[in-house]
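Source file: entry15.tsv; contents: TSV, C-alpha atoms.
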chain	number	residue	atom	x	y	z
A	141	MET	CA	-39.74	70.22	3.36
A	142	ALA	CA	-39.42	71.45	6.95
A	143	ARG	CA	-39.68	75.17	7.53
A	144	SER	CA	-36.50	77.02	8.41
A	145	LEU	CA	-35.90	78.34	11.93
A	146	ALA	CA	-36.33	81.94	10.72
A	147	ASP	CA	-39.76	81.11	9.27
A	148	ARG	CA	-40.92	79.55	12.56
A	149	LEU	CA	-40.22	82.53	14.83
A	150	LEU	CA	-43.43	83.86	16.42
A	151	PRO	CA	-44.17	87.35	17.78
A	152	ALA	CA	-42.08	88.19	20.85
A	153	PRO	CA	-43.85	89.05	24.12
A	154	ARG	CA	-43.30	92.72	25.01
A	155	ASN	CA	-43.23	91.93	28.70
A	156	GLY	CA	-41.18	88.75	28.40
A	157	GLY	CA	-37.50	88.11	29.03
A	158	PHE	CA	-35.33	89.68	31.70
A	159	ARG	CA	-34.16	93.22	32.42
A	160	MET	CA	-32.87	95.04	35.50
A	161	GLU	CA	-33.06	98.70	36.38
A	162	GLY	CA	-29.58	100.23	36.65
A	163	TYR	CA	-27.81	97.35	34.88
A	164	TRP	CA	-26.74	96.31	31.43
A	165	VAL	CA	-28.15	92.77	30.97
A	166	TRP	CA	-26.80	90.26	28.44
A	167	CYS	CA	-26.19	86.54	27.69
A	168	GLY	CA	-29.45	84.78	28.65
A	169	SER	CA	-29.36	80.98	29.06
A	170	VAL	CA	-32.37	79.06	30.44
A	171	VAL	CA	-32.99	75.70	32.12
A	172	GLN	CA	-36.02	74.21	33.85
A	173	GLY	CA	-35.16	73.69	37.51
A	174	GLU	CA	-36.09	70.95	39.94
A	175	ASP	CA	-38.92	73.24	41.10
A	176	GLY	CA	-40.52	73.15	37.64
A	177	ARG	CA	-39.87	76.86	37.04
A	178	PHE	CA	-37.61	78.31	34.36
A	179	HIS	CA	-34.30	79.77	35.46
A	180	MET	CA	-32.29	82.21	33.36
A	181	PHE	CA	-28.58	82.60	33.95
A	182	ALA	CA	-27.51	85.98	32.61
A	183	SER	CA	-24.72	88.55	32.75
A	184	ARG	CA	-25.13	92.00	34.29
A	185	TRP	CA	-22.90	94.99	35.08
A	186	PRO	CA	-23.71	98.49	36.36
A	187	LYS	CA	-24.86	101.13	33.91
A	188	TRP	CA	-22.47	103.76	35.26
A	189	LEU	CA	-19.89	101.84	33.22
A	190	PRO	CA	-20.02	101.93	29.41
A	191	MET	CA	-21.93	98.95	28.03
A	192	HIS	CA	-18.80	98.01	26.06
A	193	PRO	CA	-16.20	97.33	27.40
A	194	GLY	CA	-17.66	97.59	30.92
A	195	TRP	CA	-18.43	93.86	30.96
A	196	LEU	CA	-14.74	92.99	30.81
A	197	VAL	CA	-14.09	94.30	34.32
A	198	ALA	CA	-17.45	94.22	36.10
A	199	SER	CA	-19.74	91.54	34.66
A	200	GLU	CA	-21.23	88.99	37.05
A	201	ILE	CA	-23.49	86.03	36.35
A	202	VAL	CA	-26.91	86.15	38.00
A	203	ARG	CA	-30.00	83.93	38.13
A	204	ALA	CA	-33.57	85.05	37.42
A	205	ALA	CA	-36.72	82.90	37.44
A	206	ALA	CA	-40.15	82.74	35.83
A	207	ASP	CA	-43.16	80.42	35.76
A	208	THR	CA	-43.10	80.17	31.95
A	209	PRO	CA	-40.30	80.26	29.36
A	210	GLU	CA	-41.53	83.66	28.13
A	211	GLY	CA	-41.24	85.27	31.56
A	212	PRO	CA	-40.98	87.99	32.68
A	213	TYR	CA	-38.02	86.76	34.71
A	214	GLU	CA	-37.39	88.16	38.19
A	215	PHE	CA	-33.90	88.55	39.65
A	216	GLN	CA	-33.10	85.96	42.32
A	217	GLU	CA	-29.39	86.06	43.18
A	218	VAL	CA	-25.82	86.66	42.06
A	219	VAL	CA	-24.42	83.24	41.12
A	220	LEU	CA	-20.78	83.97	40.28
A	221	PRO	CA	-19.63	87.24	41.90
A	222	ALA	CA	-16.14	88.73	41.77
A	223	ARG	CA	-13.79	86.74	44.02
A	224	GLY	CA	-10.39	88.39	43.74
A	225	ALA	CA	-7.67	89.15	41.23
A	226	GLU	CA	-5.75	85.97	42.11
A	227	TYR	CA	-8.45	83.77	40.56
A	228	TRP	CA	-8.59	83.17	36.81
A	229	ASP	CA	-12.26	84.30	36.90
A	230	GLY	CA	-11.83	86.69	39.80
A	231	ARG	CA	-12.87	90.02	38.28
A	232	SER	CA	-15.49	89.19	35.64
A	233	THR	CA	-17.84	86.29	34.82
A	234	HIS	CA	-19.74	86.39	31.52
A	235	ASN	CA	-21.14	84.24	28.66
A	236	PRO	CA	-23.17	81.82	30.85
A	237	HIS	CA	-24.49	78.65	29.21
A	238	ILE	CA	-26.44	76.37	31.56
A	239	LYS	CA	-26.91	72.62	31.05
A	240	LYS	CA	-28.40	69.91	33.26
A	241	ILE	CA	-26.30	66.79	32.78
A	242	GLY	CA	-27.63	63.83	34.73
A	243	GLY	CA	-28.23	65.14	38.23
A	244	THR	CA	-25.79	68.04	37.91
A	245	TYR	CA	-26.33	71.58	36.69
A	246	VAL	CA	-23.24	72.59	34.73
A	247	LEU	CA	-22.68	76.29	34.09
A	248	TYR	CA	-20.19	76.99	31.30
A	249	TYR	CA	-18.92	80.56	31.26
A	250	MET	CA	-16.09	82.96	30.44
A	251	GLY	CA	-14.03	84.35	33.31
A	252	SER	CA	-11.32	86.97	33.45
A	253	THR	CA	-9.08	88.84	35.84
A	254	HIS	CA	-6.62	91.76	35.99
A	255	PRO	CA	-4.21	93.08	38.64
A	256	PHE	CA	-5.42	96.70	38.83
A	257	ALA	CA	-7.82	98.61	41.07
A	258	ASP	CA	-11.54	98.47	40.30
A	259	VAL	CA	-13.01	101.14	38.03
A	260	GLN	CA	-14.88	103.70	40.14
A	261	PRO	CA	-18.05	105.63	39.21
A	262	GLY	CA	-17.15	108.77	37.28
A	263	GLU	CA	-13.74	107.44	36.29
A	264	ALA	CA	-12.84	107.35	32.61
A	265	TYR	CA	-12.69	103.80	31.22
A	266	GLY	CA	-12.41	102.49	27.67
A	267	LEU	CA	-10.72	100.00	25.38
A	268	ASP	CA	-7.28	101.56	25.91
A	269	ASP	CA	-7.48	101.31	29.70
A	270	PRO	CA	-4.87	98.89	31.16
A	271	ARG	CA	-7.65	97.10	33.04
A	272	CYS	CA	-9.51	96.45	29.82
A	273	ILE	CA	-6.38	95.35	27.94
A	274	ALA	CA	-5.37	92.90	30.69
A	275	ALA	CA	-8.91	91.60	31.20
A	276	ARG	CA	-9.37	90.89	27.49
A	277	ALA	CA	-6.09	88.96	27.31
A	278	ASN	CA	-7.11	86.92	30.38
A	279	LYS	CA	-10.47	85.68	29.03
A	280	ARG	CA	-10.81	81.91	29.52
A	281	VAL	CA	-13.60	79.30	29.49
A	282	GLY	CA	-14.46	77.37	32.66
A	283	ILE	CA	-17.32	75.64	34.46
A	284	ALA	CA	-19.18	75.80	37.76
A	285	THR	CA	-21.35	72.92	39.01
A	286	SER	CA	-24.21	72.37	41.45
A	287	ARG	CA	-26.65	69.61	42.36
A	288	SER	CA	-29.39	72.26	42.56
A	289	VAL	CA	-30.34	75.19	40.37
A	290	PHE	CA	-30.31	77.19	43.62
A	291	GLY	CA	-26.65	76.36	44.29
A	292	PRO	CA	-24.24	76.39	45.98
A	293	TRP	CA	-21.94	76.49	42.97
A	294	GLU	CA	-18.49	74.95	42.90
A	295	ARG	CA	-16.23	76.90	40.56
A	296	SER	CA	-13.31	75.33	38.71
A	297	ASP	CA	-9.86	76.22	40.04
A	298	ALA	CA	-8.54	76.53	36.50
A	299	PRO	CA	-10.13	77.13	33.11
A	300	ILE	CA	-11.14	74.10	31.08
A	301	LEU	CA	-9.88	75.79	27.89
A	302	PRO	CA	-6.54	77.50	28.54
A	303	THR	CA	-4.80	79.32	25.72
A	304	ARG	CA	-2.22	77.46	23.61
A	305	PRO	CA	0.95	79.26	22.50
A	306	GLY	CA	1.44	79.35	18.77
A	307	LYS	CA	-2.15	78.26	18.00
A	308	PHE	CA	-5.29	80.06	16.85
A	309	ASP	CA	-6.38	80.29	20.51
A	310	SER	CA	-3.13	81.70	21.94
A	311	PHE	CA	-4.71	85.01	23.07
A	312	LEU	CA	-8.09	84.09	24.58
A	313	THR	CA	-10.94	81.58	24.76
A	314	SER	CA	-14.58	82.58	25.34
A	315	ASN	CA	-18.23	82.09	24.26
A	316	PRO	CA	-18.57	78.38	25.20
A	317	ALA	CA	-21.26	76.43	23.34
A	318	PRO	CA	-21.52	72.86	24.69
A	319	CYS	CA	-23.41	69.96	23.14
A	320	VAL	CA	-24.04	66.99	25.46
A	321	HIS	CA	-24.25	63.52	23.91
A	322	GLU	CA	-26.33	60.64	25.27
A	323	ASP	CA	-23.23	58.99	26.74
A	324	GLY	CA	-22.36	62.19	28.64
A	325	SER	CA	-19.49	63.20	26.40
A	326	ILE	CA	-19.21	66.82	25.31
A	327	LEU	CA	-18.55	68.59	22.03
A	328	LEU	CA	-17.68	72.21	22.80
A	329	ILE	CA	-17.58	75.00	20.24
A	330	TYR	CA	-15.84	78.17	21.45
A	331	LYS	CA	-14.57	81.54	20.29
A	332	ALA	CA	-10.85	82.21	20.19
A	333	ARG	CA	-8.28	84.76	19.14
A	334	LYS	CA	-4.53	84.47	18.67
A	335	TYR	CA	-1.67	86.78	19.43
A	336	GLU	CA	-0.54	88.91	16.50
A	337	GLY	CA	2.38	90.91	17.81
A	338	HIS	CA	1.31	92.54	21.08
A	339	THR	CA	-2.43	92.37	20.44
A	340	HIS	CA	-5.10	89.99	19.15
A	341	GLY	CA	-6.07	88.79	15.70
A	342	GLN	CA	-9.57	88.33	14.34
A	343	MET	CA	-12.25	86.12	15.83
A	344	THR	CA	-12.08	82.40	15.12
A	345	ILE	CA	-14.15	79.41	16.23
A	346	GLY	CA	-12.59	76.26	17.69
A	347	VAL	CA	-13.91	72.82	18.67
A	348	ALA	CA	-12.99	70.75	21.72
A	349	GLY	CA	-14.22	67.48	23.20
A	350	ALA	CA	-14.34	65.70	26.55
A	351	ASP	CA	-15.53	62.30	27.79
A	352	SER	CA	-17.63	64.05	30.44
A	353	PHE	CA	-18.37	67.60	31.56
A	354	GLU	CA	-15.62	67.26	34.16
A	355	GLY	CA	-13.02	67.02	31.40
A	356	PRO	CA	-10.26	67.06	30.50
A	357	TYR	CA	-11.18	69.01	27.37
A	358	ARG	CA	-9.08	68.39	24.25
A	359	VAL	CA	-8.97	70.77	21.32
A	360	LEU	CA	-9.84	68.58	18.34
A	361	SER	CA	-8.20	70.59	15.57
A	362	ASP	CA	-5.24	72.94	15.34
A	363	GLU	CA	-7.16	74.87	12.69
A	364	PRO	CA	-10.30	76.93	13.33
A	365	VAL	CA	-13.55	75.10	12.61
A	366	PHE	CA	-14.66	77.77	10.14
A	367	PRO	CA	-12.22	79.39	7.72
A	368	PRO	CA	-11.81	82.84	9.34
A	369	GLU	CA	-11.26	84.60	6.04
A	370	ARG	CA	-14.86	83.69	5.06
A	371	PHE	CA	-16.68	83.04	8.35
A	372	HIS	CA	-16.51	86.10	10.59
A	373	ILE	CA	-18.88	84.93	13.33
A	374	GLU	CA	-19.23	84.79	17.11
A	375	ASP	CA	-21.80	83.75	19.74
A	376	PRO	CA	-22.24	80.14	18.58
A	377	PHE	CA	-25.00	77.84	19.86
A	378	ILE	CA	-24.87	74.16	18.92
A	379	TRP	CA	-27.20	71.17	19.23
A	380	LYS	CA	-27.35	67.49	18.19
A	381	THR	CA	-29.67	66.22	15.48
A	382	GLU	CA	-30.24	62.81	13.89
A	383	TYR	CA	-28.00	63.92	11.02
A	384	GLY	CA	-25.18	65.37	13.12
A	385	TYR	CA	-25.15	68.91	14.50
A	386	GLU	CA	-26.70	72.29	13.84
A	387	LEU	CA	-25.38	75.70	14.83
A	388	ILE	CA	-26.59	79.27	14.93
A	389	ALA	CA	-24.25	82.22	15.43
A	390	LYS	CA	-23.92	85.97	14.96
A	391	ASP	CA	-22.92	87.08	11.45
A	392	MET	CA	-20.45	89.87	12.17
A	393	GLU	CA	-20.41	91.42	8.69
A	394	GLY	CA	-23.61	90.15	7.07
A	395	THR	CA	-21.67	88.41	4.31
A	396	LEU	CA	-23.06	84.95	5.18
A	397	CYS	CA	-26.78	85.47	5.78
A	398	GLY	CA	-27.27	88.84	4.10
A	399	GLU	CA	-27.87	90.94	7.23
A	400	LYS	CA	-25.18	92.37	9.49
A	401	HIS	CA	-25.39	91.05	13.06
A	402	ALA	CA	-28.27	88.69	12.22
A	403	GLY	CA	-27.89	84.94	12.76
A	404	ILE	CA	-26.48	82.25	10.49
A	405	HIS	CA	-27.68	78.63	10.45
A	406	ALA	CA	-25.17	75.87	9.67
A	407	CYS	CA	-24.97	72.08	9.91
A	408	SER	CA	-22.27	69.44	10.26
A	409	ALA	CA	-22.04	65.65	10.23
A	410	ASP	CA	-19.15	65.51	12.71
A	411	GLY	CA	-19.00	68.90	14.45
A	412	ARG	CA	-15.76	69.83	12.69
A	413	SER	CA	-16.68	70.46	9.06
A	414	TRP	CA	-19.60	72.84	8.62
A	415	ARG	CA	-21.72	74.21	5.79
A	416	LEU	CA	-24.44	76.83	5.67
A	417	PHE	CA	-28.05	75.80	5.13
A	418	GLU	CA	-29.63	76.63	1.79
A	419	GLN	CA	-31.48	79.36	3.67
A	420	PRO	CA	-28.57	80.56	5.82
A	421	LYS	CA	-30.40	83.14	7.97
A	422	ALA	CA	-31.50	81.81	11.38
A	423	TYR	CA	-32.98	85.06	12.68
A	424	SER	CA	-33.07	88.78	11.93
A	425	ARG	CA	-32.52	91.87	14.05
A	426	ARG	CA	-35.96	92.91	12.81
A	427	VAL	CA	-38.35	91.66	15.49
A	428	THR	CA	-42.15	91.40	15.45
A	429	TRP	CA	-43.67	92.09	18.88
A	430	ASP	CA	-46.93	90.58	20.14
A	431	ASP	CA	-48.59	94.02	19.91
A	432	GLY	CA	-47.97	94.01	16.15
A	433	GLU	CA	-45.05	96.47	16.03
A	434	VAL	CA	-42.05	95.53	13.91
A	435	GLN	CA	-38.78	96.93	15.24
A	436	LEU	CA	-35.19	96.82	14.03
A	437	MET	CA	-33.24	96.18	17.22
A	438	GLY	CA	-29.90	97.87	17.82
A	439	ASN	CA	-28.44	94.47	18.72
A	440	LEU	CA	-29.75	90.91	18.73
A	441	GLU	CA	-27.07	88.38	19.68
A	442	ARG	CA	-25.89	85.68	22.12
A	443	PRO	CA	-28.63	83.33	20.77
A	444	PHE	CA	-29.76	80.46	23.01
A	445	LEU	CA	-32.41	77.84	22.18
A	446	LEU	CA	-34.56	76.26	24.89
A	447	PHE	CA	-35.41	72.65	24.02
A	448	GLN	CA	-38.50	70.95	25.46
A	449	ASN	CA	-39.39	67.34	24.62
A	450	GLY	CA	-36.63	67.25	22.05
A	451	ARG	CA	-37.54	70.34	20.02
A	452	PRO	CA	-36.58	74.02	20.21
A	453	THR	CA	-39.48	76.02	21.65
A	454	HIS	CA	-37.93	79.43	22.42
A	455	LEU	CA	-35.09	81.57	21.12
A	456	PHE	CA	-33.46	83.79	23.74
A	457	ALA	CA	-31.27	86.68	22.62
A	458	ALA	CA	-29.47	89.62	24.18
A	459	THR	CA	-30.89	92.79	22.67
A	460	ALA	CA	-30.47	96.56	22.78
A	461	ASP	CA	-32.35	99.64	21.74
A	462	GLY	CA	-30.73	102.43	19.77
A	463	SER	CA	-29.55	102.78	16.20
A	464	GLY	CA	-27.12	99.87	16.31
A	465	GLY	CA	-23.94	98.96	18.11
A	466	PHE	CA	-23.04	98.84	21.79
A	467	ARG	CA	-22.16	102.52	22.08
A	468	ASN	CA	-25.56	103.68	20.81
A	469	ALA	CA	-27.63	101.64	23.27
A	470	SER	CA	-29.49	103.17	26.20
A	471	ASN	CA	-30.95	99.88	27.45
A	472	THR	CA	-30.17	96.19	27.06
A	473	TRP	CA	-32.10	93.11	28.12
A	474	ASN	CA	-32.60	89.45	27.30
A	475	MET	CA	-35.66	88.89	25.12
A	476	VAL	CA	-37.47	85.69	24.16
A	477	ILE	CA	-39.05	84.66	20.86
A	478	PRO	CA	-41.36	81.61	20.81
A	479	ILE	CA	-40.74	79.06	18.04
A	480	ALA	CA	-43.53	77.28	16.17
A	481	PRO	CA	-43.23	73.52	15.50
A	482	GLU	CA	-41.81	72.43	12.15

Please lay out the structure from this file as structure tokens.
Amino acid sequence: MARSLADRLLPAPRNGGFRMEGYWVWCGSVVQGEDGRFHMFASRWPKWLPMHPGWLVASEIVRAAADTPEGPYEFQEVVLPARGAEYWDGRSTHNPHIKKIGGTYVLYYMGSTHPFADVQPGEAYGLDDPRCIAARANKRVGIATSRSVFGPWERSDAPILPTRPGKFDSFLTSNPAPCVHEDGSILLIYKARKYEGHTHGQMTIGVAGADSFEGPYRVLSDEPVFPPERFHIEDPFIWKTEYGYELIAKDMEGTLCGEKHAGIHACSADGRSWRLFEQPKAYSRRVTWDDGEVQLMGNLERPFLLFQNGRPTHLFAATADGSGGFRNASNTWNMVIPIAPE
């Protein structure tokens, strides 16, 4: 019997991954570029803002590069900067997920906007701020494309997953997790919330499909993929297997894998009906470093698997120090955990 993903995780390199002085760093997604190097697309926003919900109004997607998957990755450029309140993604870009499809690099991401002035250093800002409220309600999934990992990037004029009145995704769409089939068609898992009165309901997970990355994308079910009363998850990552699909995601309550904010591991024959593996934990917040120290991380989420020659070789995850939770973190970065063969 093949070993589970959790059993194949190797010690994490202390000096691997990607971090930036003066910034919160999150959402690492990696692809090998035409130059043979490894390129991480990540989110960052200035540390004078609170980690949460600072990302809603000031996150931007950047690119960093390294000679090996482990890194360390060095900042190269801002890929998707703010471009104005009139654009659907004009004030914040977040949740990058990079794919190379044929000869095109396709960057899936969440964008948002709001009509208010920018938050200034020293200014109070929190979840009840009008900028935060508007930005959360305006979260949508879109794509940017380029023939080169170095850009230039062409951003979509409209989101590929707009909200749908009266449905489970009437409030927002975010956290895109694409799976590319051999014929170029796409199965896209995403996070959604619906309007409940004047605010949002709980997190749900939807599934959409498209004949190509260019779309159009069609939501494949008017019901969430996972029953929300039992599956309280976010940050999905999906991939194709000979038996169908597999998925890892963040367990919000710990009721599915036994550890709060660790990762679940699920499978599906068709991408719509899912079940947990017999060993449902994909990864733990308890990390073993290559110097031998074992550390319970404050956060370990936004999982991304790098595949090489058809198998997953590295798990990337956004992580934080502190006692747990966004508000208790002093530093965040994107770490990498090598994966042993089955």

>> For Ile273 in chain A, find every residue with an atom within 12 Å (counting all atoms listed in the file), except residues of its own chain fewer than 3 positions away, and show them as a list of chain:residue names.
In response: A:Pro193, A:Gly194, A:Leu196, A:Val197, A:Ser252, A:Thr253, A:His254, A:Pro255, A:Phe256, A:Tyr265, A:Gly266, A:Leu267, A:Asp268, A:Asp269, A:Pro270, A:Arg276, A:Ala277, A:Asn278, A:Lys279, A:Phe311, A:Leu312, A:His338, A:Thr339, A:His340

> How would you write as a PyMOL selection string the residues that get within 7 Å of (-26.1, 76.8, 5.4) in the file's frame, counting all atoms listed in the file?
Replying inline: chain A and resi 405-407+415-420

>> Calculated over all atoms listed in the file, which of the candidates A:Val320, A:Ala402, A:Ala257, A:Val218 has the smallest distance to Gly242 in chain A?
In response: A:Val320

> Which one is closest to Lys390 in chain A: A:Met343, A:Ala222, A:Ala348, A:Ala264? Count all atoms listed in the file.
Replying inline: A:Met343

>> Taking all atoms listed in the file into account, name the residue in A:Ala480, A:Val259, A:Leu247, A:Ile373 that is nearest to Asp391 in chain A.
In response: A:Ile373

>> Give me the residues near range 457-464 of chain A as a ChimeraX atom specification, where near means some atom within 6 Å (using only C-alpha atoms) and where sequence neighbours in that chain fewer than 6 positions away do not count.
In response: /A:166-167,437-443,471-475

Writing out the chosen residues with C-alpha atoms as an mmCIF file, keeping the file's coordinate frame:
data_model
loop_
_atom_site.group_PDB
_atom_site.id
_atom_site.type_symbol
_atom_site.label_atom_id
_atom_site.label_comp_id
_atom_site.auth_asym_id
_atom_site.auth_seq_id
_atom_site.Cartn_x
_atom_site.Cartn_y
_atom_site.Cartn_z
ATOM 1 C CA TRP A 166 -26.800 90.260 28.440
ATOM 2 C CA CYS A 167 -26.190 86.540 27.690
ATOM 3 C CA MET A 437 -33.240 96.180 17.220
ATOM 4 C CA GLY A 438 -29.900 97.870 17.820
ATOM 5 C CA ASN A 439 -28.440 94.470 18.720
ATOM 6 C CA LEU A 440 -29.750 90.910 18.730
ATOM 7 C CA GLU A 441 -27.070 88.380 19.680
ATOM 8 C CA ARG A 442 -25.890 85.680 22.120
ATOM 9 C CA PRO A 443 -28.630 83.330 20.770
ATOM 10 C CA ASN A 471 -30.950 99.880 27.450
ATOM 11 C CA THR A 472 -30.170 96.190 27.060
ATOM 12 C CA TRP A 473 -32.100 93.110 28.120
ATOM 13 C CA ASN A 474 -32.600 89.450 27.300
ATOM 14 C CA MET A 475 -35.660 88.890 25.120
#

>> Need the shell around Val202 in chain A: protein/DNA/RNA residues with any atom at most 12 Å away, counting all atoms listed in the file. Skip same-chain ones fewer than 2 positions apart. Format as a PyMOL selection string?
In response: chain A and resi 158-160+163+165-170+179-185+199-200+204-205+213-222+233-238+247+249+289-291+293

> CA of Pro478 in chain A and CA of Tyr423 in chain A, how far apart in Å?
Replying inline: 12.2 Å

> What is the CA of Leu328 in chain A-CA of Ser408 in chain A distance in Å, reported with one decimal?
Replying inline: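 Here the two named atoms are 13.6 Å from each other.
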
>> I need the residue nearest Asp297 in chain A from this list: A:Pro364, A:Gly243, A:Gly230, A:Gly394. Use only C-alpha atoms for the distance.
In response: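 Between A:Pro364, A:Gly243, A:Gly230, A:Gly394, the residue approaching Asp297 in chain A most closely is A:Gly230.
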
>> Quick check, in Å to one decimal: how far apart do CA of Ser361 in chain A and CA of Gly346 in chain A lie?
In response: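 CA of Gly346 in chain A lies 7.5 Å from CA of Ser361 in chain A.
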
>> Given all atoms listed in the file as the basis, pick out the residue of A:Gly162, A:Gly341, A:Gly355, A:Pro481 nearest to Met191 in chain A.
In response: A:Gly162

So that I can see what lies close to Ser413 in chain A, please list as a PDB file with C-alpha atoms, keeping the file's coordinate frame the residues with an atom at most 8 Å from it, counting only C-alpha atoms and leaving out residues fewer than 4 positions away in the same chain.
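Contents of the output file selection_10.pdb:
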ATOM      1  CA  VAL A 365     -13.550  75.100  12.610  1.00  0.00           C
ATOM      2  CA  PHE A 366     -14.660  77.770  10.140  1.00  0.00           C
ATOM      3  CA  SER A 408     -22.270  69.440  10.260  1.00  0.00           C
ATOM      4  CA  ALA A 409     -22.040  65.650  10.230  1.00  0.00           C
TER       5      ALA A 409
END

> Which neighbours of Asp309 in chain A fall inside 8 Å, counting all atoms listed in the file, when residues of the same chain fewer than 6 positions from it are skipped, and could you give them as a PyMOL selection string?
Replying inline: chain A and resi 303+332-334+346

>> Which residue is closest to Ala225 in chain A? Choose from A:Pro302, A:Ile241, A:Val246, A:Ala275 and count all atoms listed in the file.
In response: A:Ala275

>> Every residue with an atom at most 8 Å from (-21.2, 67.0, 25.8) (file coordinates; only C-alpha atoms) is what I'm after, so could you write them as a PyMOL selection string?
In response: chain A and resi 318-321+324-328+349-353
